[in-house]
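**Student:** entry-v2.cif is reproduced in full below (mmCIF, C-alpha atoms).
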```cif
data_run
#
loop_
_atom_site.label_atom_id
_atom_site.label_comp_id
_atom_site.auth_asym_id
_atom_site.auth_seq_id
_atom_site.Cartn_x
_atom_site.Cartn_y
_atom_site.Cartn_z
CA MET A 518 160.01 91.27 116.94
CA GLN A 519 162.26 88.71 115.24
CA LEU A 520 160.45 86.66 112.62
CA THR A 521 161.22 83.00 112.08
CA TYR A 522 162.42 81.99 108.63
CA HIS A 523 158.96 80.59 107.80
CA GLN A 524 157.16 83.70 109.04
CA ARG A 525 159.47 85.93 107.02
CA GLU A 526 158.91 83.86 103.90
CA GLU A 527 155.13 83.89 104.47
CA LEU A 528 155.12 87.64 104.98
CA LYS A 529 157.22 88.13 101.84
CA HIS A 530 154.84 85.92 99.91
CA LEU A 531 151.87 87.97 101.13
CA VAL A 532 153.37 91.46 100.96
CA LEU A 533 155.40 91.59 97.76
CA PRO A 534 152.42 91.15 95.40
CA LEU A 535 150.70 94.05 97.19
CA LEU A 536 153.62 96.45 97.00
CA ASP A 537 152.34 98.26 93.90
CA ASP A 538 148.89 98.69 95.49
CA LEU A 539 150.46 100.07 98.66
CA GLU A 540 152.69 102.44 96.72
CA ARG A 541 149.78 103.73 94.62
CA PHE A 542 147.63 104.20 97.70
CA ALA A 543 150.43 106.08 99.47
CA LEU A 544 150.97 108.24 96.37
CA SER A 545 147.27 109.03 96.21
CA LEU A 546 147.41 110.23 99.78
CA CYS A 547 150.64 112.18 99.89
CA ARG A 548 151.51 112.72 96.22
CA ARG A 549 155.30 112.95 96.68
CA GLU A 550 157.14 109.81 95.61
CA ASP A 551 159.77 109.99 98.35
CA THR A 552 157.16 110.50 101.09
CA ALA A 553 155.05 107.68 99.66
CA GLU A 554 158.05 105.36 99.69
CA GLU A 555 158.80 106.23 103.31
CA LEU A 556 155.18 105.57 104.19
CA VAL A 557 155.21 102.13 102.56
CA ALA A 558 158.52 101.21 104.20
CA ALA A 559 157.21 102.28 107.62
CA THR A 560 154.04 100.25 106.96
CA ILE A 561 156.01 97.10 106.13
CA ALA A 562 158.23 97.60 109.19
CA SER A 563 155.12 97.80 111.40
CA ALA A 564 153.64 94.77 109.65
CA CYS A 565 156.80 92.77 110.45
CA GLU A 566 156.62 93.82 114.09
CA SER A 567 153.00 92.85 114.53
CA PHE A 568 152.68 89.99 112.05
CA ASN A 569 151.87 87.59 114.92
CA ARG A 570 148.71 89.57 115.59
CA LEU A 571 147.29 89.09 112.09
CA ARG A 572 144.67 86.36 112.54
CA ASP A 573 143.35 86.08 108.99
CA THR A 574 145.97 86.31 106.25
CA SER A 575 143.23 86.60 103.60
CA LYS A 576 142.70 90.12 104.95
CA ILE A 577 146.34 91.13 104.53
CA LYS A 578 145.56 93.93 102.05
CA GLN A 579 142.97 95.51 104.35
CA TRP A 580 145.38 95.16 107.28
CA LEU A 581 148.26 96.81 105.40
CA PHE A 582 146.01 99.62 104.12
CA ARG A 583 144.86 100.20 107.70
CA ILE A 584 148.45 100.45 108.96
CA LEU A 585 149.35 102.79 106.09
CA SER A 586 146.36 105.10 106.54
CA ASN A 587 146.91 105.21 110.31
CA LYS A 588 150.53 106.22 109.75
CA PHE A 589 149.48 108.87 107.25
CA LEU A 590 146.80 110.27 109.57
CA THR A 591 149.26 110.32 112.49
CA GLN A 592 151.80 112.23 110.36
CA CYS A 593 149.14 114.73 109.35
CA ARG A 594 148.01 115.22 112.94
CA GLU A 595 151.61 115.81 113.99
CA GLN A 596 152.06 118.35 111.18
CA SER A 597 148.86 120.07 112.21
CA ARG A 598 150.51 121.02 115.48
CA TYR A 599 153.00 123.11 113.57
CA LYS A 600 151.03 124.36 110.61
CA GLU A 601 147.49 124.66 109.44
CA VAL A 602 146.39 121.28 108.18
CA ALA A 603 142.65 120.69 108.07
CA LEU A 604 142.03 117.27 109.61
CA THR A 605 138.30 116.96 109.47
CA ASP A 606 135.09 118.87 109.43
CA ALA A 607 135.84 122.52 108.84
CA THR A 608 133.05 122.67 106.30
CA ASN A 609 129.78 124.43 106.72
CA ASP A 610 126.39 123.06 105.79
CA THR A 611 126.43 124.67 102.33
CA ASP A 612 129.71 122.87 101.52
CA SER A 613 128.21 119.56 102.63
CA HIS A 614 125.42 119.75 100.08
CA PHE A 615 127.18 121.46 97.21
CA SER A 616 126.65 119.91 93.80
CA PHE A 617 128.68 120.94 90.76
CA PHE A 618 125.95 119.41 88.61
CA GLU A 619 123.16 121.48 90.15
CA GLU A 620 125.22 124.65 89.73
CA VAL A 621 125.94 124.27 86.03
CA SER A 622 123.30 122.00 84.55
CA GLN A 623 120.90 123.76 82.23
CA PRO A 624 117.55 121.98 82.15
CA PHE A 625 116.50 123.81 78.98
CA LEU A 626 119.39 122.15 77.14
CA LEU A 627 118.27 118.71 78.27
CA TRP A 628 118.11 117.16 74.86
CA TYR A 629 120.96 119.09 73.25
CA GLY A 630 123.94 118.88 75.54
CA ASN A 631 125.43 118.34 78.98
CA PRO A 632 127.48 121.41 79.94
CA GLU A 633 128.34 119.90 83.33
CA ARG A 634 129.90 116.81 81.76
CA GLU A 635 131.75 118.92 79.19
CA LEU A 636 133.15 121.09 81.98
CA ILE A 637 134.46 118.11 83.92
CA SER A 638 136.02 116.77 80.72
CA HIS A 639 137.83 120.08 80.23
CA LEU A 640 139.48 119.91 83.65
CA LEU A 641 142.95 118.38 83.79
CA ASP A 642 143.92 115.50 86.06
CA GLU A 643 146.12 118.03 87.83
CA ASP A 644 143.05 120.20 88.63
CA ILE A 645 141.21 117.22 90.08
CA ARG A 646 144.33 116.13 91.97
CA ASN A 647 144.70 119.60 93.49
CA ALA A 648 141.05 119.67 94.55
CA LEU A 649 141.46 116.25 96.17
CA ASP A 650 144.63 117.33 97.97
CA SER A 651 142.85 120.37 99.37
CA LEU A 652 140.25 118.29 101.23
CA PRO A 653 140.42 117.90 105.01
CA ILE A 654 142.50 114.78 105.69
CA ASP A 655 139.72 112.53 107.00
CA PHE A 656 137.54 113.29 103.99
CA ARG A 657 140.46 112.89 101.58
CA VAL A 658 141.35 109.44 102.89
CA ALA A 659 137.71 108.28 102.58
CA VAL A 660 137.35 109.65 99.03
CA VAL A 661 140.69 108.15 97.95
CA LEU A 662 139.73 104.72 99.32
CA CYS A 663 136.32 104.87 97.63
CA ASP A 664 136.93 106.64 94.33
CA VAL A 665 140.63 106.16 93.58
CA GLU A 666 141.08 102.69 95.11
CA GLY A 667 137.52 101.57 94.32
CA LEU A 668 136.95 99.82 97.67
CA PRO A 669 133.47 98.99 99.03
CA TYR A 670 132.16 100.85 102.09
CA ASP A 671 132.52 97.89 104.47
CA GLU A 672 136.22 97.52 103.60
CA ILE A 673 136.76 101.26 104.07
CA ALA A 674 135.02 101.00 107.46
CA GLY A 675 137.38 98.15 108.37
CA ILE A 676 140.48 100.03 107.23
CA LEU A 677 139.59 103.27 109.00
CA ASP A 678 137.95 101.51 111.96
CA ILE A 679 134.85 103.69 111.77
CA PRO A 680 131.12 102.83 111.42
CA LEU A 681 129.54 102.47 107.96
CA GLY A 682 127.45 105.60 108.52
CA THR A 683 130.60 107.63 109.10
CA VAL A 684 132.12 106.22 105.90
CA ARG A 685 129.04 107.33 103.94
CA SER A 686 129.06 110.74 105.55
CA ARG A 687 132.80 111.35 104.95
CA ILE A 688 132.54 110.29 101.32
CA ALA A 689 129.46 112.44 100.70
CA ARG A 690 130.93 115.51 102.40
CA GLY A 691 134.32 114.99 100.79
CA ARG A 692 132.75 114.78 97.34
CA SER A 693 130.61 117.86 97.91
CA LEU A 694 133.64 119.83 99.00
CA LEU A 695 135.69 118.50 96.09
CA GLN A 696 132.96 119.60 93.68
CA LYS A 697 132.87 123.05 95.23
CA ARG A 698 136.65 123.40 94.76
CA LEU A 699 136.35 122.24 91.15
CA TRP A 700 133.49 124.65 90.53
CA HIS A 701 135.56 127.58 91.89
CA HIS A 702 138.50 126.47 89.77
CA ALA A 703 136.37 126.20 86.63
CA LYS A 704 135.04 129.68 87.37
CA ASP A 705 138.60 131.03 87.80
CA LEU A 706 139.51 129.49 84.44
CA GLY A 707 136.55 131.23 82.84
CA LEU A 708 134.88 127.93 81.99
CA ILE A 709 131.74 128.96 83.86
CA LYS A 710 130.35 132.21 82.53
CA THR A 711 127.19 132.68 84.51
CA LYS A 712 127.44 133.22 88.21
CA ARG A 713 124.41 131.59 89.74
CA ARG A 714 125.44 131.26 93.35
CA GLN A 715 128.41 132.39 95.44
CA MET B 89 106.13 90.12 82.86
CA LYS B 90 108.47 93.02 83.14
CA THR B 91 105.59 95.47 82.97
CA ASN B 92 103.88 93.70 85.86
CA ASP B 93 107.09 93.79 87.92
CA ARG B 94 107.40 97.51 87.40
CA LYS B 95 103.94 98.11 88.77
CA THR B 96 105.21 96.86 92.13
CA VAL B 97 108.11 99.35 92.19
CA GLU B 98 107.30 102.37 94.31
CA THR B 99 107.69 105.82 92.84
CA ILE B 100 110.19 108.04 94.60
CA SER B 101 110.67 111.79 94.33
CA CYS B 102 113.74 113.54 92.90
CA GLU B 103 114.70 114.58 96.43
CA GLN B 104 114.65 110.95 97.59
CA ALA B 105 116.49 109.84 94.45
CA ILE B 106 119.32 112.36 94.92
CA LYS B 107 119.93 111.03 98.43
CA LEU B 108 120.57 107.58 96.94
CA VAL B 109 122.86 108.66 94.11
CA PHE B 110 126.23 108.21 95.88
CA ASN B 111 125.27 104.77 97.21
CA TYR B 112 124.12 103.86 93.70
CA ILE B 113 127.27 104.90 91.83
CA ASP B 114 129.37 103.14 94.49
CA ASP B 115 127.35 99.96 93.92
CA GLU B 116 126.22 99.99 97.54
CA LEU B 117 122.50 100.13 96.83
CA ARG B 118 120.65 96.81 96.84
CA GLY B 119 117.17 95.35 96.53
CA LYS B 120 114.06 97.48 96.71
CA ARG B 121 115.83 100.84 97.00
CA ARG B 122 117.95 100.12 93.94
CA GLY B 123 114.85 99.15 91.97
CA GLU B 124 113.06 102.32 93.04
CA LEU B 125 115.99 104.51 92.02
CA GLU B 126 116.45 102.78 88.67
CA HIS B 127 112.75 103.13 87.98
CA HIS B 128 112.99 106.84 88.78
CA LEU B 129 116.04 107.24 86.52
CA GLU B 130 114.11 105.77 83.61
CA THR B 131 111.57 108.52 83.86
CA CYS B 132 113.55 111.53 85.13
CA ARG B 133 116.14 113.00 82.79
CA HIS B 134 117.47 115.44 85.39
CA CYS B 135 118.31 112.73 87.95
CA PHE B 136 119.63 110.48 85.18
CA ASP B 137 122.03 113.26 84.14
CA ARG B 138 123.03 113.78 87.76
CA VAL B 139 123.96 110.09 88.05
CA GLU B 140 125.91 110.22 84.78
CA PHE B 141 127.76 113.29 86.01
CA GLU B 142 128.68 111.66 89.33
CA LYS B 143 129.86 108.54 87.49
CA LEU B 144 132.04 110.67 85.21
CA LEU B 145 133.64 112.49 88.12
CA LYS B 146 134.22 109.20 89.92
CA SER B 147 135.92 107.80 86.83
CA ARG B 148 138.16 110.90 86.62
CA LEU B 149 139.21 110.30 90.22
CA ARG B 150 139.86 106.64 89.45
CA GLN B 151 142.28 107.74 86.72
CA LEU B 152 144.43 109.42 89.37
CA LYS B 153 145.49 105.96 90.52
CA VAL B 154 149.00 106.03 89.14
CA GLY B 155 152.48 104.96 90.15
CA GLY B 156 153.63 101.71 91.63
CA ASN B 157 156.22 99.31 90.26
CA SER B 158 159.08 101.22 91.84
CA LYS B 159 162.22 99.05 91.65
CA ASN B 160 163.83 101.13 94.34
CA LEU B 161 160.98 100.46 96.75
CA ARG B 162 160.96 96.74 95.94
CA SER B 163 164.63 96.31 96.74
CA ARG B 164 164.25 98.46 99.85
CA ILE B 165 161.38 96.30 101.13
CA ASP B 166 163.33 93.13 100.33
CA ALA B 167 166.18 94.41 102.46
CA LEU B 168 163.79 95.53 105.20
CA LEU B 169 162.11 92.12 105.41
CA GLY B 170 165.54 90.56 105.81
CA GLN B 171 166.12 92.61 108.98
CA PHE B 172 163.27 90.98 110.91
#
```
Would you mind giving the structure from this file in structure tokens?

**Tutor:**
Amino acid sequence: MQLTYHQREELKHLVLPLLDDLERFALSLCRREDTAEELVAATIASACESFNRLRDTSKIKQWLFRILSNKFLTQCREQSRYKEVALTDATNDTDSHFSFFEEVSQPFLLWYGNPERELISHLLDEDIRNALDSLPIDFRVAVVLCDVEGLPYDEIAGILDIPLGTVRSRIARGRSLLQKRLWHHAKDLGLIKTKRRQ
Amino acid sequence: MKTNDRKTVETISCEQAIKLVFNYIDDELRGKRRGELEHHLETCRHCFDRVEFEKLLKSRLRQLKVGGNSKNLRSRIDALLGQF
């Protein structure tokens, strides 16, 4: 679609201030700078093509995030045809209710210390990043939108075009799985000495 | 007055409280349920610690928000917008 001069200027005015947000969101999802840049460029190209369909320009950020996450999910689904990429629920019930806190908290130390908080503080950003990257894609996108981007549930529902209940469920299951990965990692590092549950 | 208000807050169990923790740390819990959870947290150290732990982990995830301000991307998008 060819934009008029005024449309192009309006789109520029709306999009350019959001470029950093889009780039950060893309980086949170795919980690690699070059891939993130491609994702943002493809998002802006799609936005130009369908700008006429945007009814409410006050929702431009939500609209652009929706385009970007759709493109990311489509890429992941295409990749999954060729290699093993977990898209959604491959978790069992134990994973869905896993709590790092419940595994390592020591009630008898209640007034003297918080081993679970100390453990999390010992983990590097890289450890947390790796655990996040290992989540099934649908869970990862929901956790990134909620915890990294700090968006409310209704905005996440709008971006992903899913019901609020599904947003809650994906965030809860994603976090549980993330905590399980972190717990295993902490155990591998020798930070957790006692093995209370496999 | 505050003491009287608290008498109207229902007591919830740890099991019920834990189910509300994620909504609470995401600031998605309102009204009566929020009051009930906060009342429970005032009296239950275990659930209070669980909330503090979840908040800490959430803040660690928030710190992963890095990047942006790429000059290369900015000039690329400028050029891209010019094509439409």

**Student:** Applied to this file, what does the PyMOL selection byres ((chain A) within 6 of (chain B)) return in terms of residues, put as a PyMOL selection string?

**Tutor:** chain A and resi 519-520+537+540-541+634+664-665

**Student:** List, as a list in words, every residue that the PyMOL selection byres ((chain A and resi 638-646) around 10) selects in the file provided.

**Tutor:**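 So the PyMOL selection byres ((chain A and resi 638-646) around 10), applied here, picks out Ser545, Arg548, Pro632, Glu633, Arg634, Glu635, Leu636, Ile637, Asn647, Ala648, Leu649, Asp650, Ser651, Leu695, Gln696, Arg698, Leu699, His702, Ala703, Leu706 and Leu708 of chain A; Leu144, Leu145, Arg148, Leu149, Gln151 and Leu152 of chain B.
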
**Student:** Could you list, as a list in words, every residue within 9 Å of Leu108 in chain B, counting all atoms listed in the file and ignoring same-chain residues fewer than 6 positions away?

**Tutor:**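 The residues satisfying every condition are Leu117, Arg121, Arg122 and Leu125 of chain B.
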
**Student:** Can you spell out as a PyMOL selection string the set of residues that the PyMOL selection byres ((chain A and resi 570-582) around 9) selects in the structure I just provided?

**Tutor:** chain A and resi 531-532+535+538-539+542+560-561+564+567-569+583-587+672-673+675-677

**Student:** Record the distance separating CA of Glu555 in chain A and CA of Tyr670 in chain A, expressed in Å with one decimal.

**Tutor:**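 Atom-to-atom, CA of Glu555 in chain A to CA of Tyr670 in chain A, that is 27.2 Å.
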
**Student:** Provide the CA of Glu98 in chain B to CA of Glu124 in chain B distance in Å, to one decimal place.

**Tutor:**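 So the answer is 5.9 Å.
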
**Student:** For a test of reading the model, state the distance in Å between CA of Ala553 in chain A and CA of Arg687 in chain A, rounded to one decimal.

**Tutor:**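 Here the two named atoms are 23.2 Å from each other.
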
**Student:** Just want the 10 Å neighbourhood of Phe615 in chain A, counted on only C-alpha atoms, with same-chain residues fewer than 2 positions away dropped. Output as a list in words.

**Tutor:** Asp610, Thr611, Asp612, Ser613, Phe617, Phe618, Glu619, Glu620, Ala689, Arg690, Arg692, Ser693, Leu694, Leu695, Gln696, Lys697, Arg698 and Trp700 of chain A

**Student:** For the selection you just gave me, I'd like the residues written to a file as a PDB file, in the frame of the given file, keeping C-alpha atoms.

**Tutor:**
```pdb
ATOM      1  CA  ASP A 610     126.390 123.060 105.790  1.00  0.00           C
ATOM      2  CA  THR A 611     126.430 124.670 102.330  1.00  0.00           C
ATOM      3  CA  ASP A 612     129.710 122.870 101.520  1.00  0.00           C
ATOM      4  CA  SER A 613     128.210 119.560 102.630  1.00  0.00           C
ATOM      5  CA  PHE A 617     128.680 120.940  90.760  1.00  0.00           C
ATOM      6  CA  PHE A 618     125.950 119.410  88.610  1.00  0.00           C
ATOM      7  CA  GLU A 619     123.160 121.480  90.150  1.00  0.00           C
ATOM      8  CA  GLU A 620     125.220 124.650  89.730  1.00  0.00           C
ATOM      9  CA  ALA A 689     129.460 112.440 100.700  1.00  0.00           C
ATOM     10  CA  ARG A 690     130.930 115.510 102.400  1.00  0.00           C
ATOM     11  CA  ARG A 692     132.750 114.780  97.340  1.00  0.00           C
ATOM     12  CA  SER A 693     130.610 117.860  97.910  1.00  0.00           C
ATOM     13  CA  LEU A 694     133.640 119.830  99.000  1.00  0.00           C
ATOM     14  CA  LEU A 695     135.690 118.500  96.090  1.00  0.00           C
ATOM     15  CA  GLN A 696     132.960 119.600  93.680  1.00  0.00           C
ATOM     16  CA  LYS A 697     132.870 123.050  95.230  1.00  0.00           C
ATOM     17  CA  ARG A 698     136.650 123.400  94.760  1.00  0.00           C
ATOM     18  CA  TRP A 700     133.490 124.650  90.530  1.00  0.00           C
TER      19      TRP A 700
END
```

**Student:** Would you mind telling me which residue in B:Thr131, B:Gly123, B:Ala167, B:Arg118 lies nearest to Cys102 in chain B when using only C-alpha atoms?

**Tutor:**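 For Cys102 in chain B, the nearest of the candidates is B:Thr131.
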
**Student:** Smallest atom-to-atom distance to Leu129 in chain B: which of B:Ala105, B:Lys143, B:Lys159, B:Ile113, using all atoms listed in the file?

**Tutor:** B:Ala105
